[in-house]
Amino acid sequence: MVKKVLVVYYTQTGQLGEIVNSICTPLKAAGDVEVVFEILRPEKPFPFPWTSDQFFQTMPESVKGIPCELEPLTLKGDEHFDLIIAAWQPWYLSPSIPTHALFQHETIRKLMNGKPVITVIGSRNMWVMAQEVVKDYINSSNAKLVGNIILRDKAPNLLGVISIIRWMFQGKKDRYMKIVPPAGISDTDIQAAAAYGPIILEALKQGNYDRLQEKLVAQGAVDVMPEVVMIEKRGIVFFRLWAAFILRKGPFGSESRVVRVRMFKYYLLAVLYLVSPFASLLYEIIRPFRRKTIKKQISLYQSV
Ligand SMILES: Cc1cc2nc3c(=O)[nH]c(=O)nc-3n(C[C@H](O)[C@H](O)[C@H](O)COP(=O)(O)O)c2cc1C
């Protein structure tokens, strides 16, 4: 019997599309699997490249879970799928605004009801806190998270910040000044993600997802970096305060909140370049004394 898989996602630059296509290649080649893609399009597209103000304007809505309007979907909600792959990207340690729209969409919630869901994340390197929000969305849709695959930019954190700023604000992805690696997830990693396809295919055919995540993790699907998790845990607390502070001045895109949005921008740059190197250093000092806790943390965030 033909198995049906729904792949639903939004992508701004196309990166997440390349990732899900790579993962799904073995599924499509299987012959007895039908893969349906539902690509989400915001009614008002987010600009690319971004201006600085537009980029930082998206923080409060991402953090507070305020979705954007989407163009009508091709699906109605009464279709049957054996498995749903929901791919998403983090914005500001939170699901992106279109990701909130995805998981809050009535049609998608209906399709997910009672179904196994695999999440695929295309991030820079900070996705852990946001996946906790996504887990809540999946639970509240009465779906079951059975797998999680994460791809990330492998550049050292601060160089990765420079490369993503160039990519997002100038649309340039190439190597910069010899030391800044190309932006985004490497082509090699995207192609290598095809190795997750056969693992998913096996579980799909057996209708048994009990050991899926264990097998995906063994294949390298979830690389948790405890030093980054530490930054995320602290960062999200301050982002929530900033989000509330900015939202008091008006909704998404409004001129009245631009001053506060710019204050947040300088705060973020200062934290990234002045505070986070010391935090990382401190982390390296305490790491040997916290081996057990770190091990626990890694296995917690690798699980579903
Ligand atoms: C406004 C904005 C904020 C972002 N914040 C994060 C973040 O907190 N953590 C992270 O790992 N990546 C972050 N990214 C990178 C995205 O998760 C993603 O990898 C990149 O935008 C490419 O995704 P695409 O497939 O939508 O083009 C951010 C990107 C944007 C545009």
# chains A, B, ... in the order shown; residues from 1 in each chain; ligands from 1

$ residues_around --residues "stretch 7-11 of chain A" --least-positions-apart "3" --cutoff "8 Å" --atoms "only C-alpha atoms" --output "JSON, numbers by chain"
{"A": [14, 15, 16, 17, 20, 35, 36, 37, 38, 39, 40, 41, 84, 85, 86, 87, 88, 89, 98, 99, 102]}

$ write_last_selection --atoms "C-alpha atoms" --output "PDB file, in the first residue's frame"
ATOM      1  CA  GLY A  14      15.337  28.379  -0.065  1.00  0.00           C
ATOM      2  CA  GLN A  15      17.766  26.746   2.378  1.00  0.00           C
ATOM      3  CA  LEU A  16      15.115  24.779   4.264  1.00  0.00           C
ATOM      4  CA  GLY A  17      13.636  23.637   0.947  1.00  0.00           C
ATOM      5  CA  VAL A  20      13.818  18.728   3.109  1.00  0.00           C
ATOM      6  CA  VAL A  35       5.420  12.832  -0.814  1.00  0.00           C
ATOM      7  CA  VAL A  36       3.232  15.946  -0.838  1.00  0.00           C
ATOM      8  CA  PHE A  37       4.880  19.341  -0.312  1.00  0.00           C
ATOM      9  CA  GLU A  38       2.936  22.265   1.161  1.00  0.00           C
ATOM     10  CA  ILE A  39       5.153  25.345   1.007  1.00  0.00           C
ATOM     11  CA  LEU A  40       3.833  28.199   3.109  1.00  0.00           C
ATOM     12  CA  ARG A  41       3.743  31.736   1.748  1.00  0.00           C
ATOM     13  CA  ILE A  84       3.988  14.607   8.634  1.00  0.00           C
ATOM     14  CA  ILE A  85       7.373  16.277   8.297  1.00  0.00           C
ATOM     15  CA  ALA A  86       7.184  19.828   9.637  1.00  0.00           C
ATOM     16  CA  ALA A  87      10.328  21.783   8.813  1.00  0.00           C
ATOM     17  CA  TRP A  88      11.029  25.132  10.432  1.00  0.00           C
ATOM     18  CA  GLN A  89      13.708  27.714  11.218  1.00  0.00           C
ATOM     19  CA  PRO A  98       5.808  31.822   9.660  1.00  0.00           C
ATOM     20  CA  THR A  99       6.503  28.771  11.864  1.00  0.00           C
ATOM     21  CA  LEU A 102       2.249  26.889  10.490  1.00  0.00           C
TER      22      LEU A 102
END

$ select_by_dssp --residues "stretch 70-178 of chain A" --states "alpha helix (DSSP H)" --output "PyMOL selection string"
chain A and resi 97-104+106-112+128-140+157-170

$ write_last_selection --atoms "C-alpha atoms" --output "mmCIF file, in the first residue's frame"
data_model
loop_
_atom_site.group_PDB
_atom_site.id
_atom_site.type_symbol
_atom_site.label_atom_id
_atom_site.label_comp_id
_atom_site.auth_asym_id
_atom_site.auth_seq_id
_atom_site.Cartn_x
_atom_site.Cartn_y
_atom_site.Cartn_z
ATOM 1 C CA ILE A 97 6.843 34.072 12.611
ATOM 2 C CA PRO A 98 5.808 31.822 9.660
ATOM 3 C CA THR A 99 6.503 28.771 11.864
ATOM 4 C CA HIS A 100 4.011 30.088 14.425
ATOM 5 C CA ALA A 101 1.573 30.500 11.531
ATOM 6 C CA LEU A 102 2.249 26.889 10.490
ATOM 7 C CA PHE A 103 1.592 25.342 13.888
ATOM 8 C CA GLN A 104 -1.376 27.610 14.678
ATOM 9 C CA GLU A 106 -6.407 25.203 11.707
ATOM 10 C CA THR A 107 -5.879 23.060 8.575
ATOM 11 C CA ILE A 108 -2.431 21.920 9.644
ATOM 12 C CA ARG A 109 -3.590 21.229 13.195
ATOM 13 C CA LYS A 110 -6.384 19.068 11.738
ATOM 14 C CA LEU A 111 -3.922 17.192 9.508
ATOM 15 C CA MET A 112 -1.599 16.603 12.458
ATOM 16 C CA VAL A 128 16.976 24.324 21.422
ATOM 17 C CA MET A 129 14.646 26.784 23.200
ATOM 18 C CA ALA A 130 12.512 27.168 20.072
ATOM 19 C CA GLN A 131 12.072 23.399 19.704
ATOM 20 C CA GLU A 132 10.536 23.358 23.204
ATOM 21 C CA VAL A 133 7.837 25.726 21.870
ATOM 22 C CA VAL A 134 7.374 23.517 18.788
ATOM 23 C CA LYS A 135 6.985 20.447 21.045
ATOM 24 C CA ASP A 136 4.114 22.230 22.834
ATOM 25 C CA TYR A 137 2.454 23.050 19.499
ATOM 26 C CA ILE A 138 2.691 19.397 18.420
ATOM 27 C CA ASN A 139 1.287 18.135 21.732
ATOM 28 C CA SER A 140 -1.570 20.611 21.588
ATOM 29 C CA ASN A 157 29.731 31.279 16.845
ATOM 30 C CA LEU A 158 31.054 34.823 16.391
ATOM 31 C CA LEU A 159 32.252 34.279 12.805
ATOM 32 C CA GLY A 160 28.854 32.783 12.082
ATOM 33 C CA VAL A 161 27.255 36.001 13.321
ATOM 34 C CA ILE A 162 29.296 38.013 10.799
ATOM 35 C CA SER A 163 28.486 35.648 7.937
ATOM 36 C CA ILE A 164 24.752 35.581 8.710
ATOM 37 C CA ILE A 165 24.616 39.400 8.945
ATOM 38 C CA ARG A 166 26.256 39.640 5.476
ATOM 39 C CA TRP A 167 23.877 37.005 4.113
ATOM 40 C CA MET A 168 20.705 38.472 5.617
ATOM 41 C CA PHE A 169 21.469 42.171 4.972
ATOM 42 C CA GLN A 170 23.377 41.962 1.679
#

$ residues_near_ligand --ligand "ligand 1" --cutoff "8 Å" --atoms "only C-alpha atoms and all ligand atoms" --output "count of residues only"
34

$ residues_around --residues "A:Ala29" --least-positions-apart "4" --cutoff "12 Å" --atoms "only C-alpha atoms" --output "PyMOL selection string"
chain A and resi 21-25+33-35+194+197-198+201

$ write_last_selection --atoms "C-alpha atoms" --output "tab-separated table (two decimals), in the first residue's frame"
chain	number	residue	atom	x	y	z
A	21	ASN	CA	14.36	17.80	-0.53
A	22	SER	CA	17.61	16.09	0.37
A	23	ILE	CA	16.00	14.18	3.28
A	24	CYS	CA	13.03	13.17	1.12
A	25	THR	CA	15.03	11.97	-1.92
A	33	VAL	CA	5.66	6.51	-1.01
A	34	GLU	CA	3.84	9.65	-2.10
A	35	VAL	CA	5.42	12.83	-0.81
A	194	ALA	CA	19.79	12.33	2.50
A	197	GLY	CA	15.74	9.34	4.45
A	198	PRO	CA	16.19	5.53	4.59
A	201	LEU	CA	11.47	5.15	5.27

$ residues_around --residues "A:Pro116" --least-positions-apart "2" --cutoff "9 Å" --atoms "only C-alpha atoms" --output "mmCIF file with N, CA and C atoms, in the first residue's frame"
data_model
loop_
_atom_site.group_PDB
_atom_site.id
_atom_site.type_symbol
_atom_site.label_atom_id
_atom_site.label_comp_id
_atom_site.auth_asym_id
_atom_site.auth_seq_id
_atom_site.Cartn_x
_atom_site.Cartn_y
_atom_site.Cartn_z
ATOM 1 N N ASP A 82 0.183 9.439 6.411
ATOM 2 C CA ASP A 82 0.712 8.496 7.395
ATOM 3 C C ASP A 82 1.741 9.174 8.287
ATOM 4 N N LEU A 83 2.400 10.187 7.732
ATOM 5 C CA LEU A 83 3.483 10.849 8.459
ATOM 6 C C LEU A 83 3.543 12.317 8.027
ATOM 7 N N ILE A 84 3.836 13.191 8.986
ATOM 8 C CA ILE A 84 3.988 14.607 8.634
ATOM 9 C C ILE A 84 5.403 15.061 8.996
ATOM 10 N N ILE A 85 6.058 15.680 8.039
ATOM 11 C CA ILE A 85 7.373 16.277 8.297
ATOM 12 C C ILE A 85 7.160 17.786 8.327
ATOM 13 N N MET A 112 -2.535 17.194 11.498
ATOM 14 C CA MET A 112 -1.599 16.603 12.458
ATOM 15 C C MET A 112 -2.292 15.728 13.501
ATOM 16 N N ASN A 113 -3.551 16.002 13.732
ATOM 17 C CA ASN A 113 -4.287 15.313 14.791
ATOM 18 C C ASN A 113 -4.086 13.789 14.738
ATOM 19 N N GLY A 114 -3.479 13.257 15.802
ATOM 20 C CA GLY A 114 -3.301 11.799 15.906
ATOM 21 C C GLY A 114 -2.169 11.238 15.054
ATOM 22 N N ILE A 118 7.593 14.433 12.326
ATOM 23 C CA ILE A 118 9.055 14.599 12.415
ATOM 24 C C ILE A 118 9.341 16.074 12.189
ATOM 25 N N ALA A 143 -0.818 15.495 18.228
ATOM 26 C CA ALA A 143 0.087 14.731 17.356
ATOM 27 C C ALA A 143 1.227 14.187 18.212
ATOM 28 N N LYS A 144 2.043 13.302 17.600
ATOM 29 C CA LYS A 144 3.144 12.723 18.377
ATOM 30 C C LYS A 144 4.469 13.037 17.687
ATOM 31 N N LEU A 145 5.342 13.723 18.410
ATOM 32 C CA LEU A 145 6.667 13.995 17.855
ATOM 33 C C LEU A 145 7.475 12.703 17.918
ATOM 34 N N VAL A 146 7.885 12.201 16.730
ATOM 35 C CA VAL A 146 8.589 10.910 16.708
ATOM 36 C C VAL A 146 10.041 11.049 16.253
ATOM 37 N N GLY A 147 10.381 12.229 15.731
ATOM 38 C CA GLY A 147 11.750 12.394 15.259
ATOM 39 C C GLY A 147 12.111 13.862 15.131
ATOM 40 N N TYR A 209 7.533 3.918 15.029
ATOM 41 C CA TYR A 209 8.508 5.003 15.165
ATOM 42 C C TYR A 209 9.253 4.955 16.505
#

$ closest_atom_pairs --of "stretch 63-109 of chain A" --to "stretch 252-260 of chain A" --cutoff "12 Å" --atoms "only C-alpha atoms" --output "Markdown table"
| residue | atom | partner | partner_atom | distance |
| --- | --- | --- | --- | --- |
| A:Lys64 | CA | A:Phe252 | CA | 11.6 |
| A:Ile66 | CA | A:Phe252 | CA | 9.3 |
| A:Pro67 | CA | A:Phe252 | CA | 10.3 |
| A:Cys68 | CA | A:Phe252 | CA | 9.5 |
| A:Ile97 | CA | A:Phe252 | CA | 10.7 |

$ write_last_selection --atoms "N, CA and C atoms" --output "PDB file, in the first residue's frame"
ATOM      1  N   LYS A  64       6.994  36.083  21.062  1.00  0.00           N
ATOM      2  CA  LYS A  64       5.669  35.980  21.704  1.00  0.00           C
ATOM      3  C   LYS A  64       4.694  35.080  20.939  1.00  0.00           C
ATOM      4  N   ILE A  66       3.361  35.382  17.826  1.00  0.00           N
ATOM      5  CA  ILE A  66       2.299  36.071  17.068  1.00  0.00           C
ATOM      6  C   ILE A  66       2.503  35.763  15.580  1.00  0.00           C
ATOM      7  N   PRO A  67       1.565  35.022  14.962  1.00  0.00           N
ATOM      8  CA  PRO A  67       1.794  34.555  13.590  1.00  0.00           C
ATOM      9  C   PRO A  67       1.519  35.630  12.544  1.00  0.00           C
ATOM     10  N   CYS A  68       1.957  35.385  11.306  1.00  0.00           N
ATOM     11  CA  CYS A  68       1.573  36.239  10.178  1.00  0.00           C
ATOM     12  C   CYS A  68       0.431  35.550   9.430  1.00  0.00           C
ATOM     13  N   ILE A  97       8.258  33.652  12.686  1.00  0.00           N
ATOM     14  CA  ILE A  97       6.843  34.072  12.611  1.00  0.00           C
ATOM     15  C   ILE A  97       6.048  33.126  11.692  1.00  0.00           C
TER      16      ILE A  97
END

$ residues_around --residues "stretch 261-271 of chain A" --least-positions-apart "4" --cutoff "8 Å" --atoms "only C-alpha atoms" --output "ChimeraX atom specification"
/A:53,56-57,242,246,257,275-276

$ write_last_selection --atoms "N, CA and C atoms" --output "mmCIF file, in the first residue's frame"
data_model
loop_
_atom_site.group_PDB
_atom_site.id
_atom_site.type_symbol
_atom_site.label_atom_id
_atom_site.label_comp_id
_atom_site.auth_asym_id
_atom_site.auth_seq_id
_atom_site.Cartn_x
_atom_site.Cartn_y
_atom_site.Cartn_z
ATOM 1 N N ASP A 53 16.192 47.512 10.210
ATOM 2 C CA ASP A 53 14.964 47.711 10.993
ATOM 3 C C ASP A 53 13.978 46.563 10.795
ATOM 4 N N PHE A 56 15.089 43.372 12.748
ATOM 5 C CA PHE A 56 14.914 43.395 14.206
ATOM 6 C C PHE A 56 13.447 43.577 14.602
ATOM 7 N N GLN A 57 12.621 44.101 13.678
ATOM 8 C CA GLN A 57 11.178 44.225 13.943
ATOM 9 C C GLN A 57 10.532 42.860 14.205
ATOM 10 N N TRP A 242 12.331 42.138 26.418
ATOM 11 C CA TRP A 242 12.439 43.102 25.311
ATOM 12 C C TRP A 242 11.193 43.055 24.419
ATOM 13 N N ILE A 246 8.819 46.230 23.561
ATOM 14 C CA ILE A 246 8.618 46.758 22.201
ATOM 15 C C ILE A 246 7.136 46.688 21.813
ATOM 16 N N ARG A 257 7.380 51.921 17.137
ATOM 17 C CA ARG A 257 8.256 51.102 17.982
ATOM 18 C C ARG A 257 9.699 51.028 17.484
ATOM 19 N N VAL A 275 29.534 40.161 25.837
ATOM 20 C CA VAL A 275 29.214 39.264 26.955
ATOM 21 C C VAL A 275 29.431 37.795 26.597
ATOM 22 N N SER A 276 28.988 37.386 25.379
ATOM 23 C CA SER A 276 28.997 35.943 25.103
ATOM 24 C C SER A 276 30.414 35.331 25.081
#

$ closest_residue --among "A:Pro26, A:Pro251, A:Pro277, A:Gly207" --to "A:Glu227" --atoms "only C-alpha atoms"
A:Pro277

$ atom_distance --atom1 "atom CA of A:Arg248" --atom2 "atom CA of A:Phe46"
22.4 Å

$ atom_distance --atom1 "atom CA of A:Phe81" --atom2 "atom CA of A:Lys4"
5.0 Å

$ residues_around --residues "A:Met225" --least-positions-apart "2" --cutoff "12 Å" --atoms "only C-alpha atoms" --output "list in words"
Asn125, Met126, Trp127, Val128, Ile150, Arg152, Lys154, Pro156, Asn157, Val222, Asp223, Glu227, Val228, Val229, Met230, Ile231, Glu232, Ser280, Tyr283, Ile294, Lys295, Gln297, Ile298, Ser299, Tyr301 and Gln302 of chain A

$ closest_residue --among "A:Glu18, A:Lys3, A:Ser62, A:Ala279" --to "A:Thr188" --atoms "only C-alpha atoms"
A:Glu18
